[in-house]
>>> print(open('data_38.txt').read())   # compact mmCIF, C-alpha atoms
# COMPACT_ATOMS: atom_id res chain seq x y z
CA MET R 803 182.80 -41.05 46.10
CA LYS R 804 180.78 -43.69 47.89
CA ILE R 805 182.89 -46.82 48.16
CA CYS R 806 181.63 -50.24 49.20
CA ILE R 807 184.31 -52.43 50.77
CA VAL R 808 183.65 -56.16 50.77
CA THR R 809 185.82 -57.91 53.34
CA ASP R 810 186.01 -61.26 55.12
CA ALA R 811 188.14 -59.60 57.83
CA TRP R 812 186.03 -57.16 59.80
CA ARG R 813 184.88 -56.24 63.27
CA PRO R 814 184.90 -57.75 65.84
CA GLN R 815 188.04 -59.45 64.46
CA VAL R 816 191.31 -57.88 65.59
CA ASN R 817 193.89 -58.41 62.85
CA GLY R 818 195.96 -56.35 60.45
CA VAL R 819 193.37 -56.39 57.65
CA ALA R 820 190.42 -55.37 59.81
CA ILE R 821 192.45 -52.62 61.50
CA THR R 822 193.77 -51.36 58.15
CA LEU R 823 190.30 -51.12 56.65
CA ALA R 824 188.84 -49.40 59.71
CA ASN R 825 191.61 -46.79 59.61
CA LEU R 826 191.22 -46.35 55.85
CA MET R 827 187.51 -45.69 56.20
CA ALA R 828 187.95 -43.24 59.08
CA ALA R 829 190.66 -41.29 57.25
CA GLY R 830 188.82 -41.46 53.92
CA GLU R 831 185.64 -40.06 55.41
CA LYS R 832 187.61 -37.07 56.72
CA LEU R 833 188.66 -36.47 53.11
CA GLY R 834 184.99 -36.22 52.12
CA HIS R 835 184.30 -39.73 50.86
CA GLU R 836 181.67 -42.17 52.09
CA PHE R 837 182.41 -45.80 52.94
CA VAL R 838 180.19 -48.79 53.65
CA ALA R 839 181.44 -52.25 54.61
CA ILE R 840 180.02 -55.68 53.85
CA GLY R 841 181.49 -58.12 56.35
CA PRO R 842 180.84 -61.52 57.94
CA ASP R 843 178.78 -59.86 60.68
CA GLN R 844 175.92 -59.54 58.17
CA PHE R 845 175.67 -63.29 57.45
CA HIS R 846 175.49 -66.69 59.06
CA THR R 847 179.06 -67.85 59.63
CA ILE R 848 181.25 -70.84 60.45
CA ALA R 849 184.66 -70.88 62.11
CA ALA R 850 187.70 -70.78 59.84
CA PRO R 851 189.85 -73.94 59.96
CA SER R 852 192.48 -73.60 62.74
CA TYR R 853 191.23 -70.03 63.43
CA PRO R 854 188.00 -70.36 65.46
CA GLU R 855 187.91 -66.62 66.22
CA ILE R 856 187.69 -65.86 62.49
CA ARG R 857 184.22 -66.38 61.08
CA LEU R 858 183.59 -67.21 57.42
CA ALA R 859 180.35 -66.06 55.84
CA LEU R 860 177.90 -68.58 54.41
CA THR R 861 176.52 -66.73 51.41
CA SER R 862 176.19 -66.55 47.63
CA PRO R 863 177.11 -64.06 44.89
CA LYS R 864 173.44 -63.13 44.56
CA ALA R 865 173.07 -62.33 48.28
CA VAL R 866 176.26 -60.26 48.35
CA GLY R 867 175.28 -58.54 45.11
CA GLU R 868 171.90 -57.53 46.49
CA ILE R 869 173.59 -55.80 49.42
CA ILE R 870 176.07 -54.07 47.12
CA ARG R 871 173.22 -52.87 44.91
CA SER R 872 171.25 -51.61 47.92
CA HIS R 873 174.14 -49.30 48.86
CA ARG R 874 174.34 -47.84 45.33
CA PRO R 875 178.12 -47.29 45.54
CA ASP R 876 180.26 -45.43 43.03
CA HIS R 877 182.92 -48.11 43.41
CA VAL R 878 183.38 -51.58 44.92
CA HIS R 879 186.63 -52.65 46.56
CA VAL R 880 187.04 -56.35 47.31
CA ALA R 881 189.54 -56.47 50.15
CA THR R 882 189.95 -60.21 50.78
CA GLU R 883 189.92 -63.55 48.99
CA GLY R 884 187.50 -65.32 51.34
CA PRO R 885 183.87 -66.31 50.74
CA LEU R 886 182.61 -62.72 50.62
CA GLY R 887 185.42 -61.60 48.34
CA VAL R 888 184.87 -64.52 45.97
CA ALA R 889 181.13 -63.85 45.86
CA ALA R 890 181.63 -60.15 45.12
CA SER R 891 184.32 -60.74 42.49
CA TYR R 892 181.95 -63.13 40.71
CA TRP R 893 178.92 -60.83 40.91
CA CYS R 894 180.53 -57.50 39.97
CA PRO R 895 181.67 -58.17 36.38
CA ARG R 896 178.38 -59.90 35.61
CA ASN R 897 176.45 -56.84 36.73
CA GLY R 898 178.49 -54.05 35.22
CA GLU R 899 180.39 -53.10 38.40
CA LEU R 900 184.06 -52.21 38.16
CA PHE R 901 185.97 -53.32 41.23
CA THR R 902 189.47 -53.22 42.68
CA THR R 903 191.08 -55.77 44.97
CA SER R 904 193.87 -55.76 47.55
CA TYR R 905 196.46 -58.32 48.60
CA HIS R 906 196.87 -58.29 52.38
CA THR R 907 197.96 -61.82 53.22
CA ARG R 908 200.40 -64.34 51.73
CA PHE R 909 197.87 -67.16 51.77
CA PRO R 910 199.99 -69.50 49.59
CA GLU R 911 202.77 -69.52 52.19
CA TYR R 912 200.27 -69.78 55.05
CA VAL R 913 198.50 -72.74 53.45
CA GLU R 914 201.79 -74.45 52.63
CA ALA R 915 202.88 -74.05 56.27
CA ARG R 916 199.82 -75.98 57.46
CA TRP R 917 198.95 -78.48 54.76
CA PRO R 918 200.85 -80.27 51.94
CA ILE R 919 199.54 -77.89 49.27
CA PRO R 920 202.24 -76.32 47.06
CA ALA R 921 202.28 -72.52 47.12
CA ALA R 922 202.28 -72.51 43.31
CA TRP R 923 198.77 -73.99 43.29
CA SER R 924 197.46 -71.30 45.64
CA TYR R 925 199.13 -68.54 43.62
CA ALA R 926 197.40 -69.82 40.49
CA ALA R 927 194.02 -69.60 42.24
CA LEU R 928 194.78 -66.10 43.54
CA ARG R 929 195.80 -64.91 40.06
CA ARG R 930 192.42 -65.98 38.73
CA PHE R 931 190.72 -64.12 41.57
CA HIS R 932 192.60 -60.83 41.17
CA ASP R 933 192.83 -60.78 37.36
CA GLY R 934 189.19 -59.71 37.11
CA SER R 935 189.84 -56.51 39.04
CA ALA R 936 190.58 -53.08 37.61
CA GLY R 937 193.58 -52.79 39.95
CA LEU R 938 195.33 -54.82 42.64
CA MET R 939 196.43 -52.73 45.64
CA VAL R 940 199.52 -53.86 47.54
CA ALA R 941 201.31 -52.37 50.53
CA THR R 942 204.89 -52.25 49.25
CA GLN R 943 206.85 -52.01 46.02
CA THR R 944 208.67 -55.23 46.91
CA LEU R 945 205.35 -57.07 47.01
CA ALA R 946 204.19 -55.41 43.80
CA ASP R 947 207.35 -56.58 42.04
CA ASP R 948 206.99 -60.10 43.46
CA LEU R 949 203.37 -60.44 42.35
CA SER R 950 204.13 -59.00 38.92
CA ALA R 951 206.85 -61.62 38.50
CA ARG R 952 204.25 -64.26 39.37
CA GLY R 953 201.91 -63.04 36.63
CA PHE R 954 199.54 -60.82 38.62
CA LYS R 955 198.14 -57.90 36.64
CA ARG R 956 197.82 -54.18 37.41
CA PRO R 957 199.48 -53.90 40.86
CA MET R 958 199.04 -50.48 42.52
CA LEU R 959 200.96 -49.21 45.54
CA TRP R 960 198.88 -48.57 48.68
CA PRO R 961 201.09 -48.08 51.79
CA ARG R 962 199.66 -48.29 55.29
CA GLY R 963 199.70 -45.78 58.12
CA VAL R 964 200.11 -45.62 61.87
CA ASP R 965 197.97 -43.91 64.50
CA GLU R 966 200.56 -41.54 65.96
CA GLN R 967 198.28 -40.49 68.82
CA MET R 968 197.62 -44.03 70.03
CA PHE R 969 201.15 -45.31 69.42
CA ARG R 970 203.63 -43.01 71.13
CA PRO R 971 206.38 -43.45 73.74
CA VAL R 972 205.00 -44.28 77.20
CA GLU R 973 207.25 -44.25 80.23
CA GLN R 974 205.30 -46.64 82.48
CA VAL R 975 206.27 -50.32 82.22
CA PRO R 976 203.28 -52.72 82.47
CA ALA R 977 203.09 -54.26 85.95
CA GLU R 978 203.35 -57.86 84.69
CA LEU R 979 206.75 -57.10 83.14
CA ARG R 980 208.42 -55.19 85.95
CA HIS R 981 209.94 -58.27 87.57
CA LEU R 982 211.62 -59.43 84.35
CA PRO R 983 215.33 -58.90 83.66
CA ARG R 984 216.36 -56.45 80.95
CA PRO R 985 216.76 -56.11 78.03
CA PHE R 986 213.26 -56.82 76.69
CA PHE R 987 212.91 -58.48 73.27
CA LEU R 988 209.24 -58.27 72.33
CA TYR R 989 207.02 -59.81 69.66
CA CYS R 990 203.43 -58.65 69.12
CA GLY R 991 200.89 -60.24 66.81
CA ARG R 992 199.10 -63.48 66.08
CA VAL R 993 200.70 -66.52 67.68
CA ALA R 994 200.42 -68.77 64.64
CA PRO R 995 202.77 -71.09 62.72
CA GLU R 996 203.16 -68.76 59.73
CA LYS R 997 204.52 -65.99 61.98
CA ASN R 998 207.73 -68.00 62.54
CA ILE R 999 207.80 -67.03 66.22
CA GLU R 1000 209.80 -70.13 67.14
CA ALA R 1001 212.76 -68.67 65.23
CA PHE R 1002 212.73 -65.82 67.75
CA LEU R 1003 212.03 -67.81 70.91
CA ALA R 1004 214.81 -70.32 70.16
CA LEU R 1005 217.48 -67.57 70.13
CA ASP R 1006 220.09 -67.31 72.85
CA LEU R 1007 219.51 -63.72 73.98
CA PRO R 1008 220.17 -61.81 77.21
CA GLY R 1009 217.29 -60.52 79.32
CA SER R 1010 213.69 -61.52 78.55
CA LYS R 1011 211.59 -62.57 75.61
CA ILE R 1012 207.99 -61.32 75.65
CA VAL R 1013 205.10 -62.37 73.41
CA VAL R 1014 201.99 -60.18 73.15
CA GLY R 1015 199.04 -61.83 71.42
CA ASP R 1016 197.28 -65.15 71.09
CA GLY R 1017 196.62 -67.81 68.50
CA PRO R 1018 196.66 -71.51 67.68
CA ALA R 1019 200.41 -71.94 68.31
CA ARG R 1020 200.47 -70.39 71.77
CA ALA R 1021 199.99 -73.55 73.87
CA ARG R 1022 202.73 -75.41 71.99
CA LEU R 1023 205.17 -72.50 72.18
CA GLN R 1024 204.53 -71.97 75.90
CA GLU R 1025 205.34 -75.61 76.49
CA LEU R 1026 208.51 -75.45 74.36
CA PHE R 1027 209.73 -72.13 75.79
CA PRO R 1028 208.59 -71.88 79.42
CA GLU R 1029 211.07 -69.07 80.11
CA THR R 1030 209.23 -66.78 77.67
CA CYS R 1031 206.68 -64.36 79.08
CA PHE R 1032 203.36 -64.76 77.23
CA VAL R 1033 201.03 -61.91 78.21
CA GLY R 1034 198.12 -62.68 75.88
CA VAL R 1035 195.99 -60.28 73.89
CA LYS R 1036 196.05 -56.60 74.82
CA SER R 1037 193.66 -53.88 73.75
CA ARG R 1038 194.81 -51.33 71.18
CA SER R 1039 194.97 -48.69 73.91
CA GLU R 1040 197.26 -50.90 76.04
CA LEU R 1041 199.75 -51.79 73.32
CA ALA R 1042 201.75 -48.55 73.42
CA SER R 1043 203.08 -49.33 76.91
CA TYR R 1044 204.29 -52.77 75.75
CA TYR R 1045 205.92 -51.45 72.59
CA SER R 1046 207.49 -48.59 74.56
CA CYS R 1047 209.15 -50.84 77.10
CA ALA R 1048 210.66 -53.08 74.42
CA ASP R 1049 214.38 -52.61 73.99
CA VAL R 1050 213.98 -54.37 70.63
CA PHE R 1051 210.86 -55.26 68.69
CA VAL R 1052 211.41 -58.63 67.00
CA PHE R 1053 209.53 -59.41 63.79
CA PRO R 1054 210.42 -63.00 62.79
CA SER R 1055 207.79 -63.46 60.07
CA ARG R 1056 208.94 -64.24 56.53
CA THR R 1057 205.45 -64.17 55.01
CA ASP R 1058 203.79 -60.87 55.96
CA THR R 1059 202.94 -58.42 53.20
CA PHE R 1060 203.67 -55.35 55.33
CA GLY R 1061 203.79 -55.68 59.11
CA ASN R 1062 201.73 -52.89 60.69
CA VAL R 1063 203.09 -53.87 64.11
CA MET R 1064 206.57 -52.73 63.06
CA LEU R 1065 205.25 -49.23 62.43
CA GLU R 1066 203.42 -49.25 65.76
CA ALA R 1067 206.55 -50.33 67.61
CA LEU R 1068 208.71 -47.75 65.83
CA ALA R 1069 206.18 -45.02 66.65
CA CYS R 1070 206.67 -45.96 70.31
CA GLY R 1071 210.45 -45.73 69.99
CA ALA R 1072 211.37 -49.43 69.70
CA PRO R 1073 214.01 -50.40 67.09
CA VAL R 1074 213.23 -53.45 64.94
CA ALA R 1075 215.07 -56.73 64.38
CA ALA R 1076 213.86 -58.84 61.45
CA PHE R 1077 214.83 -60.98 58.50
CA PRO R 1078 215.60 -59.14 55.23
CA VAL R 1079 212.32 -60.13 53.55
CA PRO R 1080 209.36 -58.25 52.02
CA GLY R 1081 207.71 -56.09 54.67
CA PRO R 1082 210.79 -55.42 56.82
CA VAL R 1083 212.91 -54.37 53.82
CA ASP R 1084 210.21 -51.86 52.85
CA ILE R 1085 209.74 -50.40 56.34
CA VAL R 1086 213.18 -50.63 57.93
CA THR R 1087 214.90 -48.55 55.26
CA ASP R 1088 217.13 -46.63 57.68
CA PRO R 1089 219.92 -48.52 59.52
CA ARG R 1090 219.40 -46.19 62.48
CA ILE R 1091 215.94 -47.68 63.26
CA GLY R 1092 216.50 -51.42 62.92
CA VAL R 1093 218.68 -54.29 61.77
CA LEU R 1094 217.77 -56.82 59.08
CA ASP R 1095 219.85 -59.98 58.99
CA GLU R 1096 219.41 -63.65 58.08
CA ASP R 1097 221.03 -64.23 61.48
CA LEU R 1098 218.10 -63.07 63.62
CA ARG R 1099 220.17 -63.21 66.80
CA ALA R 1100 222.70 -60.83 65.26
CA ALA R 1101 219.84 -58.55 64.22
CA CYS R 1102 218.45 -58.53 67.76
CA LEU R 1103 221.80 -57.76 69.37
CA GLY R 1104 222.55 -55.13 66.74
CA ALA R 1105 219.20 -53.40 67.22
CA LEU R 1106 219.87 -53.32 70.94
CA LYS R 1107 222.65 -50.80 70.28
CA LEU R 1108 220.49 -48.38 68.30
CA SER R 1109 219.18 -45.05 69.56
CA ARG R 1110 215.40 -44.82 69.96
CA GLU R 1111 215.30 -41.19 68.88
CA ASN R 1112 215.01 -41.85 65.15
CA CYS R 1113 212.38 -44.58 65.34
CA ARG R 1114 209.29 -42.46 65.92
CA GLY R 1115 210.24 -39.90 63.29
CA HIS R 1116 210.57 -42.66 60.70
CA ALA R 1117 207.19 -44.18 61.61
CA LEU R 1118 205.43 -40.83 61.32
CA ARG R 1119 206.20 -40.78 57.62
CA TYR R 1120 203.38 -43.31 57.33
CA THR R 1121 200.05 -41.58 58.02
CA TRP R 1122 196.52 -42.84 57.55
CA PRO R 1123 195.38 -39.64 55.76
CA GLU R 1124 198.14 -40.16 53.17
CA SER R 1125 197.28 -43.85 52.94
CA ALA R 1126 193.63 -42.98 52.32
CA ARG R 1127 194.58 -40.41 49.66
CA MET R 1128 196.63 -43.01 47.82
CA PHE R 1129 193.77 -45.52 48.04
CA ILE R 1130 191.31 -43.01 46.54
CA ASP R 1131 193.81 -42.03 43.83
CA ASN R 1132 194.20 -45.71 42.96
CA VAL R 1133 190.43 -46.09 42.66
CA PHE R 1134 190.14 -43.16 40.25
CA ARG R 1135 193.13 -44.35 38.22
CA ALA R 1136 191.94 -47.96 38.09
CA ARG R 1137 188.50 -46.92 36.93
CA ALA R 1138 189.87 -44.56 34.27
CA ASN R 1139 192.24 -47.23 32.94
CA ALA R 1140 189.50 -49.87 32.90
CA LEU R 1141 187.11 -47.58 31.00
CA SER R 1142 189.91 -46.76 28.55
CA ARG R 1143 190.50 -50.45 27.94
CA ARG R 1144 186.78 -50.96 27.31
CA VAL R 1145 186.69 -48.14 24.76
CA SER R 1146 189.80 -49.36 22.94
CA ALA R 1147 188.41 -52.89 22.86
>>> encode(input="data_38.txt", output="C-alpha cells")
Amino acid sequence: MKICIVTDAWRPQVNGVAITLANLMAAGEKLGHEFVAIGPDQFHTIAAPSYPEIRLALTSPKAVGEIIRSHRPDHVHVATEGPLGVAASYWCPRNGELFTTSYHTRFPEYVEARWPIPAAWSYAALRRFHDGSAGLMVATQTLADDLSARGFKRPMLWPRGVDEQMFRPVEQVPAELRHLPRPFFLYCGRVAPEKNIEAFLALDLPGSKIVVGDGPARARLQELFPETCFVGVKSRSELASYYSCADVFVFPSRTDTFGNVMLEALACGAPVAAFPVPGPVDIVTDPRIGVLDEDLRAACLGALKLSRENCRGHALRYTWPESARMFIDNVFRARANALSRRVSA
C-alpha cells in the first residue's frame, strides 16, 4: 500500500509522536509499503502556545487535500489533532477518502494543567474529531478501554517499538555525571508541567537526581531544585549512555498514553519507577523490571533493588517491525469494516 500520514508532529521536532511516526515509516517500508508524510515543514507556521519549538501549520482543508490528492495514496492516516489533522479529517470524508486516526497525546489533561478548561470539554471535541475515522489507533489496551468508556468509537491496538541497536547497555558514564554521588535516579523527556516532574524532584532520595531534556518548565524547576543535575537535550545517539548509567529510570507522568522513554531505558538495562497509571501499567508488566506505586519514593527505592538483567529482554518484546505490521493490519481491517458498513447502510 501507499499510505499518506498527515501529522502536526514531524521533523525537525524531537518528540514521541515524531519519533514514532519516523520509525513506523522506516519499518513499514522494509515490509514493502510506501509512506509519504504531510507535516508542518510544508506550510507557513506559527509557534504553538507555550511550546515555541513546535510549529503549527497555517493552512486549509483545500490546501491539505490538494497535497493528499497529488500523492494518490491508497490510504490516509491522520496522526494528530492539530491544524493539519483537522484539515485532513474535514477534507477526506468530503472527497471519498477513508482515513484512520491515532491518539498519541492526552490533550485534555495537558490543557487542563495549563488553563481552566475542563478535560470533559476537550474530550468532547476529540470525540467529534476521531468519530469520522474508520479506526482509532491507540498504544495500549488500557487506553483503548479508557477511550471506549468515554464514548470513542472503533479503538484499535497499535503498540510501539524500541530501536534495540541504538538503545543498548553502554558501560561508559557521561563525563558530566561522573562527579555525582550514586545512585542515579534519572528522568528523560520534555520538561513540561504535564510531565509531573516536580513529583520526582521533590522526593527525598539518596544519591543524585538527573533530568535529561528541555522544555518550558525547566527554568522554574532548576530554581526550585538546585541540587538536581539538568543536562539539557541530548541527541538520540547519546541517550543510551544516560539511560545505561541510571540506577533507576523515573517516569512521574500521569498523562502519557504510552511512554516510549520507558522502553528505551529498559532496553539499556535501567529498571523503572512510576505511578500505576496508563502507560506504565501496560509496559511494566513484570515486577522484575520495575515498581509501580502511588508512593513514588517507595517505587524508586524498590526499583533500586531490582536486577538489570531482565530489563532489556522485556523491552525487546516491543519491536518496530511488529509495530509496523500491526499498523498495516489495522489499516486493512479498518478499511474492510468501513466498506462493510457502507454496503450494509
>>> residues_around(input="data_38.txt", residues="segment 1035-1046 of chain R", least_positions_apart="3", cutoff="6 Å", atoms="all atoms listed in the file", output="number ranges by chain")
R: 969, 971-972, 1015-1016, 1067, 1070
>>> closest_residue(input="data_38.txt", among="R:Lys1011, R:Lys804, R:Arg1114, R:Lys1107", to="His873 of chain R", atoms="all atoms listed in the file")
R:Lys804
>>> residues_near_point(input="data_38.txt", point="(196.2, -73.1, 55.1)", cutoff="12 Å", atoms="only C-alpha atoms", output="list of chain:residue names")
R:Ala850, R:Pro851, R:Ser852, R:Tyr853, R:Thr907, R:Arg908, R:Phe909, R:Pro910, R:Glu911, R:Tyr912, R:Val913, R:Glu914, R:Ala915, R:Arg916, R:Trp917, R:Pro918, R:Ile919, R:Pro920, R:Ala921, R:Ser924, R:Ala994, R:Pro995, R:Glu996
>>> residues_near_point(input="data_38.txt", point="(184.5, -56.4, 40.0)", cutoff="9 Å", atoms="all atoms listed in the file", output="count of residues only")
20
>>> closest_residue(input="data_38.txt", among="R:Gly1034, R:Pro854, R:Gly937, R:Pro976", to="Arg956 of chain R", atoms="all atoms listed in the file")
R:Gly937
>>> closest_residue(input="data_38.txt", among="R:Cys1113, R:Ile1130, R:Ala1001, R:Ala922", to="His835 of chain R", atoms="all atoms listed in the file")
R:Ile1130
>>> closest_atom_pairs(input="data_38.txt", of="segment 978-998 of chain R", to="segment 1050-1057 of chain R", cutoff="8 Å", atoms="all atoms listed in the file", output="tab-separated table")
residue	atom	partner	partner_atom	distance
R:Phe986	CA	R:Val1050	CA	6.6
R:Phe987	CA	R:Val1050	CA	5.0
R:Leu988	CA	R:Phe1051	CA	5.0
R:Tyr989	CA	R:Val1052	CA	5.3
R:Glu996	CA	R:Thr1057	CA	7.0
R:Lys997	CA	R:Ser1055	CA	4.6
R:Asn998	CA	R:Ser1055	CA	5.2
>>> closest_residue(input="data_38.txt", among="R:Ala859, R:Leu1023, R:Val940, R:Val1014", to="Arg962 of chain R", atoms="only C-alpha atoms")
R:Val940
>>> atom_distance(input="data_38.txt", atom1="atom CA of Ser904 of chain R", atom2="atom CA of Ala881 of chain R")
5.1 Å
>>> closest_residue(input="data_38.txt", among="R:Ser862, R:Thr882, R:Gln967, R:Asn1062", to="Met939 of chain R", atoms="all atoms listed in the file")
R:Thr882
>>> residues_around(input="data_38.txt", residues="Pro814 of chain R", least_positions_apart="4", cutoff="12 Å", atoms="all atoms listed in the file", output="list in words")
Asp810, Val819, Ala820, Ile821, Ala824, Gly841, Pro842, Asp843, Gln844, Glu855, Ile856 and Arg857 of chain R
>>> residues_around(input="data_38.txt", residues="Phe1060 of chain R", least_positions_apart="3", cutoff="7 Å", atoms="all atoms listed in the file", output="ChimeraX atom specification")
/R:941-942,1081
>>> build_atoms(input="data_38.txt", residues="segment 862-888 of chain R", atoms="N, CA and C atoms", output="mmCIF file, keeping the file's coordinate frame")
data_model
loop_
_atom_site.group_PDB
_atom_site.id
_atom_site.type_symbol
_atom_site.label_atom_id
_atom_site.label_comp_id
_atom_site.auth_asym_id
_atom_site.auth_seq_id
_atom_site.Cartn_x
_atom_site.Cartn_y
_atom_site.Cartn_z
ATOM 1 N N SER R 862 176.157 -66.301 49.071
ATOM 2 C CA SER R 862 176.190 -66.550 47.630
ATOM 3 C C SER R 862 176.462 -65.242 46.907
ATOM 4 N N PRO R 863 176.915 -65.300 45.651
ATOM 5 C CA PRO R 863 177.110 -64.060 44.890
ATOM 6 C C PRO R 863 175.838 -63.222 44.804
ATOM 7 N N LYS R 864 174.692 -63.870 44.658
ATOM 8 C CA LYS R 864 173.440 -63.130 44.560
ATOM 9 C C LYS R 864 173.155 -62.358 45.838
ATOM 10 N N ALA R 865 173.347 -62.994 47.001
ATOM 11 C CA ALA R 865 173.070 -62.330 48.280
ATOM 12 C C ALA R 865 174.008 -61.151 48.497
ATOM 13 N N VAL R 866 175.302 -61.348 48.194
ATOM 14 C CA VAL R 866 176.260 -60.260 48.350
ATOM 15 C C VAL R 866 175.956 -59.147 47.359
ATOM 16 N N GLY R 867 175.607 -59.517 46.126
ATOM 17 C CA GLY R 867 175.280 -58.540 45.110
ATOM 18 C C GLY R 867 174.085 -57.683 45.455
ATOM 19 N N GLU R 868 173.089 -58.292 46.078
ATOM 20 C CA GLU R 868 171.900 -57.530 46.490
ATOM 21 C C GLU R 868 172.258 -56.459 47.507
ATOM 22 N N ILE R 869 173.180 -56.789 48.428
ATOM 23 C CA ILE R 869 173.590 -55.800 49.420
ATOM 24 C C ILE R 869 174.412 -54.692 48.751
ATOM 25 N N ILE R 870 175.310 -55.082 47.855
ATOM 26 C CA ILE R 870 176.070 -54.070 47.120
ATOM 27 C C ILE R 870 175.122 -53.122 46.402
ATOM 28 N N ARG R 871 174.175 -53.688 45.685
ATOM 29 C CA ARG R 871 173.220 -52.870 44.910
ATOM 30 C C ARG R 871 172.408 -51.951 45.820
ATOM 31 N N SER R 872 172.054 -52.431 47.012
ATOM 32 C CA SER R 872 171.250 -51.610 47.920
ATOM 33 C C SER R 872 172.003 -50.371 48.395
ATOM 34 N N HIS R 873 173.339 -50.446 48.431
ATOM 35 C CA HIS R 873 174.140 -49.300 48.860
ATOM 36 C C HIS R 873 174.360 -48.289 47.736
ATOM 37 N N ARG R 874 174.146 -48.699 46.492
ATOM 38 C CA ARG R 874 174.340 -47.840 45.330
ATOM 39 C C ARG R 874 175.707 -47.135 45.373
ATOM 40 N N PRO R 875 176.797 -47.909 45.443
ATOM 41 C CA PRO R 875 178.120 -47.290 45.540
ATOM 42 C C PRO R 875 178.616 -46.790 44.183
ATOM 43 N N ASP R 876 179.564 -45.861 44.242
ATOM 44 C CA ASP R 876 180.260 -45.430 43.030
ATOM 45 C C ASP R 876 181.362 -46.423 42.664
ATOM 46 N N HIS R 877 181.833 -47.158 43.669
ATOM 47 C CA HIS R 877 182.920 -48.110 43.410
ATOM 48 C C HIS R 877 182.856 -49.227 44.444
ATOM 49 N N VAL R 878 183.300 -50.419 44.030
ATOM 50 C CA VAL R 878 183.380 -51.580 44.920
ATOM 51 C C VAL R 878 184.843 -51.984 45.060
ATOM 52 N N HIS R 879 185.283 -52.149 46.303
ATOM 53 C CA HIS R 879 186.630 -52.650 46.560
ATOM 54 C C HIS R 879 186.519 -53.979 47.301
ATOM 55 N N VAL R 880 187.064 -55.016 46.709
ATOM 56 C CA VAL R 880 187.040 -56.350 47.310
ATOM 57 C C VAL R 880 188.367 -56.549 48.031
ATOM 58 N N ALA R 881 188.309 -56.546 49.349
ATOM 59 C CA ALA R 881 189.540 -56.470 50.150
ATOM 60 C C ALA R 881 190.187 -57.816 50.430
ATOM 61 N N THR R 882 189.421 -58.908 50.365
ATOM 62 C CA THR R 882 189.950 -60.210 50.780
ATOM 63 C C THR R 882 189.513 -61.298 49.812
ATOM 64 N N GLU R 883 190.195 -62.445 49.906
ATOM 65 C CA GLU R 883 189.920 -63.550 48.990
ATOM 66 C C GLU R 883 189.087 -64.658 49.619
ATOM 67 N N GLY R 884 188.350 -64.337 50.691
ATOM 68 C CA GLY R 884 187.500 -65.320 51.340
ATOM 69 C C GLY R 884 186.147 -65.443 50.673
ATOM 70 N N PRO R 885 185.191 -66.090 51.338
ATOM 71 C CA PRO R 885 183.870 -66.310 50.740
ATOM 72 C C PRO R 885 183.181 -65.037 50.257
ATOM 73 N N LEU R 886 183.244 -63.965 51.038
ATOM 74 C CA LEU R 886 182.610 -62.720 50.620
ATOM 75 C C LEU R 886 183.331 -62.115 49.413
ATOM 76 N N GLY R 887 184.661 -62.135 49.458
ATOM 77 C CA GLY R 887 185.420 -61.600 48.340
ATOM 78 C C GLY R 887 185.176 -62.375 47.057
ATOM 79 N N VAL R 888 185.133 -63.692 47.145
ATOM 80 C CA VAL R 888 184.870 -64.520 45.970
ATOM 81 C C VAL R 888 183.481 -64.234 45.413
#
